[in-house]
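S.K.: For reference, the file query-v3.csv (CSV, C-alpha atoms and all ligand atoms) is included below:
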chain,number,residue,atom,x,y,z
A,768,MET,CA,0.0,0.0,0.0
A,769,PRO,CA,1.6,3.3,-1.0
A,770,CYS,CA,2.1,5.5,2.1
A,771,ARG,CA,4.1,8.1,0.3
A,772,GLY,CA,2.8,11.5,1.3
A,773,ARG,CA,1.0,10.1,4.3
A,774,GLU,CA,3.7,11.2,6.8
A,775,THR,CA,1.9,14.3,7.8
A,776,GLU,CA,-1.5,12.6,8.0
A,777,LEU,CA,-0.2,9.9,10.2
A,778,ALA,CA,1.5,12.3,12.5
A,779,GLU,CA,-1.7,14.3,12.8
A,780,HIS,CA,-3.6,11.2,13.5
A,781,LEU,CA,-1.3,10.6,16.5
A,782,GLU,CA,-2.1,14.0,17.7
A,783,GLY,CA,-5.8,13.2,17.5
A,784,VAL,CA,-6.7,15.1,14.3
A,785,ALA,CA,-9.8,13.4,12.7
A,786,ASN,CA,-9.3,12.7,9.0
A,787,PRO,CA,-11.8,10.3,7.4
A,788,GLU,CA,-9.8,10.0,4.3
A,789,PHE,CA,-6.7,8.9,6.3
A,790,ALA,CA,-8.8,6.7,8.5
A,791,ALA,CA,-9.9,4.8,5.4
A,792,HIS,CA,-6.3,4.3,4.3
A,793,LEU,CA,-5.3,3.2,7.8
A,794,ALA,CA,-8.0,0.6,7.9
A,795,GLN,CA,-6.4,-1.2,5.0
A,796,CYS,CA,-2.7,-0.3,5.4
A,797,PRO,CA,-0.5,-2.7,7.4
A,798,ASP,CA,2.4,-0.3,7.4
A,799,CYS,CA,0.5,2.5,8.9
A,800,GLN,CA,-1.1,0.2,11.4
A,801,ALA,CA,2.3,-1.1,12.5
A,802,LEU,CA,3.5,2.5,13.1
A,803,LEU,CA,0.3,3.2,15.1
A,804,GLY,CA,1.0,0.0,17.0
A,805,MET,CA,4.5,1.1,17.8
A,806,TRP,CA,3.2,4.4,19.1
A,807,GLN,CA,0.7,2.6,21.4
A,808,ARG,CA,3.4,0.2,22.6
A,809,MET,CA,5.5,3.2,23.6
A,810,GLY,CA,2.8,4.0,26.1
A,811,GLY,CA,3.7,0.8,27.9
A,812,TRP,CA,6.8,2.5,29.4
A,813,ALA,CA,5.1,3.7,32.5
A,814,ASP,CA,5.8,7.1,34.2
A,815,GLU,CA,8.3,7.0,37.0
A,816,ALA,CA,8.3,9.5,39.8
A,817,PRO,CA,11.5,11.1,41.2
A,818,ASP,CA,12.6,10.5,44.7
A,819,ALA,CA,10.5,12.3,47.3
A,820,GLY,CA,13.7,13.7,48.8
A,821,LEU,CA,14.5,15.6,45.6
A,822,ALA,CA,12.2,18.5,46.4
A,823,VAL,CA,13.8,18.8,49.9
A,824,ARG,CA,17.3,18.7,48.5
A,825,PHE,CA,16.4,21.3,45.9
A,826,ARG,CA,15.1,23.7,48.6
A,827,GLN,CA,18.1,23.3,50.7
A,828,ARG,CA,20.4,24.1,47.8
A,829,LEU,CA,18.1,27.0,46.8
A,830,ASN,CA,18.4,28.4,50.3
A,831,ASN,CA,22.2,28.1,50.2
A,832,GLU,CA,22.6,29.7,46.9
A,833,THR,CA,20.4,32.6,47.5
A,834,LYS,CA,21.4,33.3,51.1
A,835,PRO,CA,21.7,37.1,51.1
A,836,MET,CA,24.2,37.5,53.9
A,837,GLY,CA,27.2,35.3,53.3
A,838,ARG,CA,30.7,36.7,54.0
A,839,GLY,CA,31.5,37.1,50.4
A,840,TRP,CA,28.4,39.1,49.9
A,841,MET,CA,29.5,41.6,52.6
A,842,ARG,CA,32.8,42.2,50.8
A,843,TRP,CA,30.9,42.5,47.6
A,844,ALA,CA,28.4,44.9,49.1
A,845,GLY,CA,31.4,47.0,50.3
A,846,VAL,CA,32.7,47.3,46.8
A,847,ALA,CA,29.2,48.1,45.5
A,848,ALA,CA,28.6,50.7,48.2
A,849,ALA,CA,31.9,52.5,47.4
A,850,ILE,CA,31.0,52.6,43.8
A,851,VAL,CA,27.4,53.9,44.5
A,852,VAL,CA,28.9,56.8,46.4
A,853,SER,CA,31.3,57.7,43.7
A,854,PHE,CA,28.7,57.2,41.1
A,855,PHE,CA,26.1,59.5,42.5
A,856,ALA,CA,28.6,62.0,43.9
A,857,GLY,CA,27.9,65.5,42.6
A,858,ARG,CA,24.4,64.8,41.3
A,859,THR,CA,21.7,67.1,42.4
A,860,THR,CA,18.7,66.4,40.2
A,861,THR,CA,17.3,63.1,38.9
A,862,ASP,CA,14.0,62.0,37.5
A,863,VAL,CA,12.9,58.4,37.7
A,864,SER,CA,13.9,57.3,34.2
A,865,ASP,CA,17.3,58.9,34.6
A,866,LEU,CA,17.7,57.0,37.9
A,867,ARG,CA,16.7,53.8,36.2
A,868,GLN,CA,19.3,54.4,33.5
A,869,GLU,CA,21.9,55.1,36.1
A,870,VAL,CA,21.1,52.1,38.2
A,871,ARG,CA,21.5,50.0,35.1
A,872,GLY,CA,24.8,51.7,34.5
A,873,LEU,CA,25.8,51.2,38.1
A,874,ARG,CA,25.3,47.4,37.8
A,875,GLU,CA,27.8,47.4,35.0
A,876,VAL,CA,30.2,49.4,37.0
A,877,VAL,CA,29.9,46.8,39.8
A,878,ALA,CA,30.5,44.0,37.3
A,879,LEU,CA,33.5,45.7,35.9
A,880,ALA,CA,34.9,46.2,39.4
A,881,LEU,CA,34.5,42.6,40.3
A,882,LEU,CA,36.2,41.5,37.1
A,883,GLU,CA,39.3,43.4,38.3
A,884,GLN,CA,39.5,41.7,41.7
A,885,GLN,CA,42.5,39.9,43.0
A,886,SER,CA,40.9,36.7,43.9
A,887,ALA,CA,39.7,34.2,41.3
A,888,SER,CA,36.5,33.6,43.2
A,889,GLU,CA,35.7,37.3,43.1
A,890,ARG,CA,36.3,37.4,39.4
A,891,LEU,CA,34.1,34.4,39.0
A,892,ARG,CA,31.5,36.4,40.9
A,893,GLY,CA,32.0,39.3,38.5
A,894,ILE,CA,31.4,37.0,35.6
A,895,ARG,CA,28.1,35.6,37.1
A,896,TYR,CA,27.1,39.2,37.8
A,897,SER,CA,27.9,40.3,34.3
A,898,ALA,CA,26.0,37.3,32.9
A,899,ALA,CA,22.9,38.4,34.8
A,900,LEU,CA,22.9,41.9,33.3
A,901,GLU,CA,19.9,42.6,31.1
A,902,LYS,CA,21.9,44.3,28.4
A,903,PRO,CA,25.5,44.6,29.2
A,904,ASP,CA,27.2,47.4,27.3
A,905,GLU,CA,30.2,47.0,25.1
A,906,GLU,CA,32.5,47.7,28.0
A,907,VAL,CA,31.3,44.8,30.0
A,908,ILE,CA,31.5,42.5,27.0
A,909,ALA,CA,35.0,43.8,26.3
A,910,ALA,CA,36.0,43.2,30.0
A,911,LEU,CA,34.6,39.6,29.8
A,912,THR,CA,36.5,39.1,26.6
A,913,ARG,CA,39.7,40.4,28.1
A,914,THR,CA,39.2,38.0,31.0
A,915,LEU,CA,38.6,35.1,28.6
A,916,ARG,CA,41.8,35.9,26.8
A,917,THR,CA,44.2,36.7,29.6
A,918,ASP,CA,43.0,35.6,33.0
A,919,SER,CA,45.5,33.6,35.0
A,920,SER,CA,42.9,31.1,36.1
A,921,VAL,CA,41.6,28.5,33.6
A,922,ASP,CA,38.4,28.2,35.7
A,923,VAL,CA,37.8,31.9,35.4
A,924,ARG,CA,38.4,31.8,31.6
A,925,LEU,CA,36.0,29.0,31.1
A,926,ALA,CA,33.4,30.8,33.1
A,927,ALA,CA,33.9,33.9,31.0
A,928,ALA,CA,33.5,31.7,27.9
A,929,ASP,CA,30.2,30.5,29.2
A,930,ALA,CA,29.0,34.0,30.0
A,931,LEU,CA,30.0,35.2,26.5
A,932,ARG,CA,28.1,32.5,24.7
A,933,ARG,CA,25.1,34.8,24.5
A,934,TYR,CA,27.3,37.4,22.7
A,935,ALA,CA,29.2,34.9,20.6
A,936,ARG,CA,28.2,36.8,17.4
A,937,THR,CA,29.9,40.0,18.6
A,938,GLU,CA,33.0,40.6,16.5
A,939,THR,CA,35.4,41.0,19.5
A,940,VAL,CA,34.1,37.8,21.0
A,941,LYS,CA,34.5,35.9,17.8
A,942,GLN,CA,38.0,37.2,17.5
A,943,ALA,CA,38.9,36.1,21.0
A,944,ALA,CA,37.4,32.7,20.4
A,945,ARG,CA,39.5,32.2,17.3
A,946,GLU,CA,42.6,33.0,19.3
A,947,LEU,CA,41.7,30.3,21.8
A,948,LEU,CA,42.1,27.8,18.9
A,949,THR,CA,45.2,29.2,17.3
A,950,GLU,CA,47.4,29.9,20.3
A,951,ASN,CA,49.1,27.5,22.6
A,952,GLU,CA,46.2,26.9,24.8
A,953,SER,CA,45.2,24.2,27.2
A,954,PRO,CA,42.8,21.6,25.7
A,955,MET,CA,39.9,22.7,28.0
A,956,VAL,CA,40.3,26.3,26.8
A,957,GLN,CA,40.4,25.2,23.2
A,958,VAL,CA,37.2,23.2,23.7
A,959,ALA,CA,35.6,26.4,25.1
A,960,GLY,CA,36.7,28.1,22.0
A,961,ILE,CA,35.1,25.5,19.8
A,962,ASP,CA,31.8,25.9,21.7
A,963,LEU,CA,31.9,29.7,21.4
A,964,LEU,CA,32.6,29.5,17.6
A,965,LEU,CA,29.8,27.1,17.1
A,966,ALA,CA,27.5,29.4,19.1
A,967,ALA,CA,28.7,32.1,16.7
A,968,ARG,CA,27.8,30.0,13.8
A,969,GLU,CA,31.4,30.0,12.7
A,970,ARG,CA,31.3,26.4,11.7
A,971,GLY,CA,33.8,26.9,8.9
A,972,ARG,CA,36.4,28.2,11.3
A,973,VAL,CA,36.0,25.1,13.5
A,974,GLU,CA,36.2,22.8,10.5
A,975,GLN,CA,39.4,24.4,9.5
A,976,MET,CA,40.9,23.2,12.8
A,977,ARG,CA,40.8,19.7,11.4
A,978,THR,CA,43.8,20.4,9.3
A,979,ASN,CA,45.9,21.3,12.3
A,980,LEU,CA,48.2,18.3,12.7
A,981,ASN,CA,49.3,19.5,16.2
A,982,LEU,CA,45.8,19.4,17.6
A,983,ASP,CA,45.5,17.6,20.9
A,984,GLU,CA,43.8,14.2,20.3
A,985,ASN,CA,41.1,14.8,22.9
A,986,VAL,CA,40.3,18.2,21.3
A,987,ARG,CA,40.1,16.5,17.9
A,988,LYS,CA,37.6,14.0,19.2
A,989,TYR,CA,35.6,16.7,20.9
A,990,LEU,CA,35.6,18.7,17.7
A,991,GLU,CA,34.3,15.9,15.6
A,992,ARG,CA,31.5,15.0,17.9
A,993,ALA,CA,30.6,18.7,18.4
A,994,LEU,CA,30.3,19.2,14.6
A,995,GLN,CA,28.3,16.0,14.3
A,996,GLN,CA,26.0,17.0,17.1
A,997,GLU,CA,25.6,20.5,15.6
A,998,ASN,CA,23.9,18.8,12.6
A,999,TRP,CA,20.9,17.9,14.6
A,1000,GLU,CA,20.7,20.8,17.1
B,836,MET,CA,-0.3,32.5,40.1
B,837,THR,CA,0.6,31.4,36.6
B,838,ASP,CA,4.0,29.9,35.8
B,839,GLU,CA,4.8,33.1,33.9
B,840,GLU,CA,4.0,35.3,36.8
B,841,LEU,CA,6.0,33.2,39.1
B,842,MET,CA,9.1,33.3,36.9
B,843,THR,CA,8.8,37.0,36.5
B,844,ALA,CA,8.8,37.3,40.3
B,845,VAL,CA,11.9,35.1,40.5
B,846,GLN,CA,13.6,37.3,37.9
B,847,ARG,CA,12.8,40.3,40.1
B,848,GLY,CA,14.6,38.6,43.0
B,849,ASP,CA,11.8,36.7,44.8
B,850,THR,CA,13.8,33.5,44.4
B,851,ARG,CA,11.5,31.4,46.8
B,852,ARG,CA,8.9,31.4,44.0
B,853,LEU,CA,11.3,29.1,42.1
B,854,GLY,CA,10.3,26.4,44.7
B,855,VAL,CA,6.7,26.6,43.4
B,856,LEU,CA,7.8,26.2,39.8
B,857,PHE,CA,10.0,23.3,40.9
B,858,ASP,CA,7.0,21.6,42.5
B,859,ARG,CA,4.9,22.1,39.4
B,860,HIS,CA,7.4,20.9,36.8
B,861,HIS,CA,10.2,18.8,38.3
B,862,THR,CA,8.4,15.5,37.7
B,863,ALA,CA,7.9,16.2,34.0
B,864,LEU,CA,11.6,17.2,33.7
B,865,PHE,CA,12.7,14.1,35.6
B,866,ARG,CA,10.8,11.9,33.1
B,867,TYR,CA,12.2,13.9,30.2
B,868,PHE,CA,15.8,13.2,31.2
B,869,LEU,CA,14.9,9.6,32.1
B,870,ARG,CA,13.5,8.9,28.7
B,871,LEU,CA,16.3,10.6,26.9
B,872,GLY,CA,18.4,7.9,28.5
B,873,GLY,CA,19.5,9.1,31.9
B,874,SER,CA,19.6,7.0,35.0
B,875,ARG,CA,17.4,8.0,37.9
B,876,SER,CA,20.1,9.8,39.8
B,877,LEU,CA,21.4,11.6,36.7
B,878,SER,CA,17.9,12.6,35.8
B,879,GLU,CA,17.4,14.1,39.3
B,880,ASP,CA,20.7,16.0,39.1
B,881,LEU,CA,19.9,17.4,35.7
B,882,THR,CA,16.4,18.4,36.8
B,883,GLN,CA,17.8,20.4,39.6
B,884,GLU,CA,20.3,21.9,37.3
B,885,VAL,CA,17.5,23.2,35.0
B,886,PHE,CA,16.1,25.2,37.9
B,887,PHE,CA,19.4,26.6,39.1
B,888,ARG,CA,20.1,27.6,35.5
B,889,MET,CA,16.8,29.5,35.6
B,890,LEU,CA,18.2,31.4,38.6
B,891,ARG,CA,21.4,32.2,36.9
B,892,ALA,CA,20.0,32.8,33.4
B,893,GLY,CA,16.9,34.7,34.7
B,894,GLU,CA,17.7,37.6,32.4
B,895,THR,CA,16.8,35.5,29.3
B,896,TRP,CA,13.3,35.2,30.6
B,897,ARG,CA,10.7,37.3,28.8
B,898,ALA,CA,7.5,37.8,30.7
B,899,ASP,CA,5.5,37.5,27.5
B,900,SER,CA,6.9,34.1,26.5
B,901,ARG,CA,5.6,30.7,27.6
B,902,PHE,CA,7.3,29.4,30.7
B,903,VAL,CA,7.2,25.7,29.7
B,904,ASN,CA,8.8,26.4,26.3
B,905,TRP,CA,11.6,28.3,28.0
B,906,MET,CA,12.0,25.6,30.5
B,907,TYR,CA,12.4,22.9,27.9
B,908,ARG,CA,14.9,25.1,26.0
B,909,ILE,CA,17.0,25.2,29.2
B,910,ALA,CA,16.5,21.5,29.7
B,911,ARG,CA,17.7,20.7,26.2
B,912,ASN,CA,20.8,22.8,26.8
B,913,VAL,CA,21.4,21.2,30.2
B,914,PHE,CA,21.3,17.8,28.5
B,915,ILE,CA,23.5,18.8,25.6
B,916,ASP,CA,26.0,20.3,28.0
B,917,TYR,CA,25.9,17.1,30.0
B,918,GLN,CA,26.7,15.1,26.9
B,919,ARG,CA,29.5,17.3,26.0
B,920,LYS,CA,31.0,17.1,29.4
B,921,GLN,CA,30.6,13.4,29.5
B,922,ARG,CA,32.1,13.1,26.1
B,923,TRP,CA,35.0,15.1,27.3
B,924,GLU,CA,35.6,13.2,30.4
B,925,THR,CA,35.1,9.7,29.1
B,926,GLU,CA,36.1,10.3,25.6
B,927,MET,CA,34.3,7.9,23.4
B,928,ALA,CA,32.6,5.9,26.1
B,929,PRO,CA,28.8,5.4,25.9
B,930,GLU,CA,26.9,8.5,26.6
B,931,PHE,CA,24.5,7.4,29.2
B,932,ASP,CA,24.6,5.1,32.2
B,933,VAL,CA,21.6,3.0,31.1
B,934,PRO,CA,22.2,-0.6,32.0
B,935,ALA,CA,23.2,-2.7,29.0
B,936,PRO,CA,20.6,-5.1,27.7
B,937,GLN,CA,20.8,-8.4,29.4
B,938,GLY,CA,22.0,-11.4,27.4
B,939,ASN,CA,19.4,-13.8,28.9
B,940,GLY,CA,16.0,-13.7,30.6
B,941,TYR,CA,14.1,-12.8,27.5
B,942,GLU,CA,11.0,-14.5,28.9
B,943,GLN,CA,10.6,-12.1,31.7
B,944,GLU,CA,11.4,-9.2,29.5
B,945,GLN,CA,8.6,-6.8,29.5
B,946,GLU,CA,7.4,-5.1,26.3
B,947,TRP,CA,8.2,-1.7,27.7
B,948,GLU,CA,11.7,-2.8,28.4
B,949,LEU,CA,12.1,-3.5,24.7
B,950,VAL,CA,10.6,-0.1,23.9
B,951,ARG,CA,13.2,1.5,26.2
B,952,GLN,CA,16.0,-0.4,24.5
B,953,ALA,CA,14.8,0.5,21.1
B,954,LEU,CA,14.5,4.2,22.0
B,955,ALA,CA,18.0,4.1,23.4
B,956,GLN,CA,19.3,2.9,20.0
B,957,LEU,CA,17.6,5.7,18.1
B,958,PRO,CA,19.8,8.6,17.0
B,959,PRO,CA,19.5,11.3,19.7
B,960,ASP,CA,17.6,13.8,17.6
B,961,LYS,CA,14.9,11.3,16.8
B,962,ARG,CA,14.8,10.0,20.3
B,963,GLU,CA,14.3,13.5,21.6
B,964,LEU,CA,11.5,14.2,19.1
B,965,LEU,CA,9.6,11.0,20.2
B,966,VAL,CA,10.1,11.7,23.9
B,967,LEU,CA,8.7,15.2,23.5
B,968,SER,CA,5.7,14.2,21.4
B,969,ARG,CA,4.8,10.9,23.0
B,970,TYR,CA,5.8,11.3,26.6
B,971,GLN,CA,6.0,15.0,27.4
B,972,GLY,CA,2.7,15.6,25.8
B,973,MET,CA,3.9,18.4,23.6
B,974,LYS,CA,2.1,19.5,20.5
B,975,TYR,CA,4.0,19.5,17.2
B,976,GLU,CA,3.6,23.2,17.0
B,977,GLN,CA,5.2,23.7,20.4
B,978,ILE,CA,8.0,21.3,19.5
B,979,GLY,CA,8.6,23.3,16.3
B,980,GLU,CA,8.8,26.4,18.4
B,981,LEU,CA,11.3,24.8,20.8
B,982,LEU,CA,13.5,23.4,18.0
B,983,GLY,CA,13.1,26.4,15.7
B,984,VAL,CA,11.6,24.2,12.9
B,985,GLU,CA,8.3,24.4,11.0
B,986,THR,CA,5.4,22.4,12.4
B,987,GLY,CA,5.1,20.6,9.1
B,988,THR,CA,8.7,19.5,9.2
B,989,ILE,CA,8.2,18.2,12.8
B,990,LYS,CA,5.3,16.0,11.6
B,991,VAL,CA,7.4,14.4,8.9
B,992,ARG,CA,10.2,13.9,11.3
B,993,VAL,CA,8.0,12.3,13.9
B,994,PHE,CA,6.8,9.9,11.2
B,995,ARG,CA,10.3,9.0,10.3
B,996,ALA,CA,11.5,8.6,13.9
B,997,LEU,CA,8.6,6.3,14.6
B,998,GLN,CA,9.4,4.3,11.4
B,999,GLN,CA,13.0,3.9,12.5
B,1000,LEU,CA,11.9,3.0,16.1
B,1001,ARG,CA,9.6,0.3,14.7
B,1002,GLY,CA,12.5,-1.1,12.7
B,1003,ILE,CA,14.8,-1.3,15.7
B,1004,TYR,CA,12.0,-2.7,17.9
B,1005,GLU,CA,11.3,-5.4,15.3
B,1006,GLY,CA,14.9,-6.2,15.2
B,1007,LEU,CA,14.9,-6.7,19.0
B,1008,THR,CA,11.8,-8.9,19.0
B,1009,GLY,CA,13.1,-10.7,16.0
B,1010,GLY,CA,16.2,-11.5,18.0
B,1011,GLN,CA,13.9,-12.8,20.7
B,1012,HIS,CA,12.1,-15.2,18.4
B,1013,ALA,CA,15.4,-16.4,17.0
B,1014,LEU,CA,16.6,-17.1,20.5
B,1015,SER,CA,13.6,-19.1,21.5
B,1016,ARG,CA,13.9,-21.1,18.2
B,1017,THR,CA,17.5,-22.0,19.0
B,1018,GLY,CA,16.3,-22.9,22.5
B,1019,ASN,CA,13.9,-25.5,21.1
A,1101,ZN,ZN,-0.2,3.5,5.0
Translate the structure described by the file into structure tokens.

M.R.:
Amino acid sequence: MPCRGRETELAEHLEGVANPEFAAHLAQCPDCQALLGMWQRMGGWADEAPDAGLAVRFRQRLNNETKPMGRGWMRWAGVAAAIVVSFFAGRTTTDVSDLRQEVRGLREVVALALLEQQSASERLRGIRYSAALEKPDEEVIAALTRTLRTDSSVDVRLAAADALRRYARTETVKQAARELLTENESPMVQVAGIDLLLAARERGRVEQMRTNLNLDENVRKYLERALQQENWE
Amino acid sequence: MTDEELMTAVQRGDTRRLGVLFDRHHTALFRYFLRLGGSRSLSEDLTQEVFFRMLRAGETWRADSRFVNWMYRIARNVFIDYQRKQRWETEMAPEFDVPAPQGNGYEQEQEWELVRQALAQLPPDKRELLVLSRYQGMKYEQIGELLGVETGTIKVRVFRALQQLRGIYEGLTGGQHALSRTGN
């Protein structure tokens, strides 16, 4: 029985769309019946419920991660407060929309300040903070990019790569991502570069890497799988 | 409160509301990861990860979008990232910790167990499509929105995925018959 062109009708049938013409075909088509049978058989895999403790563990972690008064927060609040003072110093008049603009700007100043901190964990905090900005301006993106390229800690660089994924199509970010591949980088950083370039839709540049004979074996494997996976994403 | 209202409150800093969203959706997400091939413990971890990512990526939430779609978008990314990490750490080892099919005991093998095995053998994109449409109760239109593909294309792809699943399944049950014949 020719089922060519019936794909859509069968799929719609599964979703419950009534179609007498297809129903008539189905009644006398073993192929379509077999597909329908497979669909019904899938229903035999019963639903499982997660562990009851999962909700409890989730709330504990949620409390920990959103606790407002950790020690780190206090230090951070100090930085922020200092910046607030300097930011508003000398202002006499503001209307609400100005203020809103300035608060937005202020957040960016805080992000920039954190990215310049001595400790890697503070810089990580700065990255998280930058990533949470609604619309970071070019300066924040540039600072993140600089962190990605030059930070002394690989962890911080990887976090910066993650935060920059949203802006992967920005020219400066693309440029930095390309450098991660060409320079003498650790394999983890090269992998971050691959992910960034794929996020930037720079598939060609990633494919080019294949020709590099000095490429780390693990990076090469990652590269092949990532390109393959990209085909179905 | 609707999901959308809750998420908007979370975005504005009322993070406790995330607990309500978790209560509403964690079971569906758990099943999603489970059916994509995760073990129970992995599926629980990934489920939690989705919600913490919402907390971190709250800025990508738009109050006028559908929460469930946004949630599945994050869930997909969590799963893809997991696979990448896994791929990195174990190189070319199998992607999931699903127990391997047993060599004997076909008699007790339940039909659903064969369905599970057949699904696990589908290419990931097809498996995902069937999981979303068959088990997560998503409409083709919604899936199309999630994957950025036309609804019509989704329908054709569902058909083909089902066709391939049927082929794999029949291969598995064919093996079962062959086995019982040799047993005779
Ligand atoms: Zn037919």

S.K.: Within 8 Å of ligand ZN 1101 (chain A) (counting all atoms listed in the file), which residues show up? I'd like them as a list in words.

M.R.: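 Residues satisfying the distance criterion: Met768, Pro769, Cys770, Arg771, Arg773, His792, Leu793, Gln795, Cys796, Pro797, Asp798, Cys799 and Gln800 of chain A.
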
S.K.: From the list B:Gln952, B:Ser900, B:Thr862, B:Gln977, which residue is nearest chain A when using all atoms listed in the file?

M.R.: B:Thr862

S.K.: To one decimal place in Å, what is the distance between CA of Val993 (chain B) and CA of Arg968 (chain A)?

M.R.: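 It comes out at 26.6 Å.
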
S.K.: Return the single residue from B:Tyr1004, B:Phe887, B:Phe902, B:Tyr975 that is closest to Glu948 (chain B), with distances computed using all atoms listed in the file.

M.R.: B:Tyr1004

S.K.: Which polymer residues have any atom within 12 Å of an atom of Asp960 (chain B), counting all atoms listed in the file, with same-chain residues fewer than 2 positions away left out, as a VMD selection string?

M.R.: (chain A and resid 995 to 1000) or (chain B and resid 871 911 915 954 to 958 962 to 967 982 989 992 to 993 995 to 996)

S.K.: Residues of chain A within 6 Å of chain B, counting only C-alpha atoms - could you list those as a list in words?

M.R.: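 Only these qualify: Glu774, Thr775, Ala778, Gly811, Trp812, Ala899 and Glu901 of chain A.
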
S.K.: Calculate how many Å separate CA of Asn831 (chain A) from CA of Glu875 (chain A), rounding to one decimal.

M.R.: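 These two atoms are separated by 25.2 Å.
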
S.K.: Quick one: residues within 12 Å of Asp904 (chain A), only C-alpha atoms, excluding same-chain residues fewer than 2 positions away - as a list of chain:residue names?

M.R.: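 Counting only C-alpha atoms, the residues come to A:Arg871, A:Gly872, A:Leu873, A:Arg874, A:Glu875, A:Val876, A:Ala878, A:Leu879, A:Ser897, A:Ala898, A:Leu900, A:Glu901, A:Lys902, A:Glu906, A:Val907, A:Ile908, A:Ala909, A:Ala910, A:Leu911, A:Tyr934, A:Thr937.
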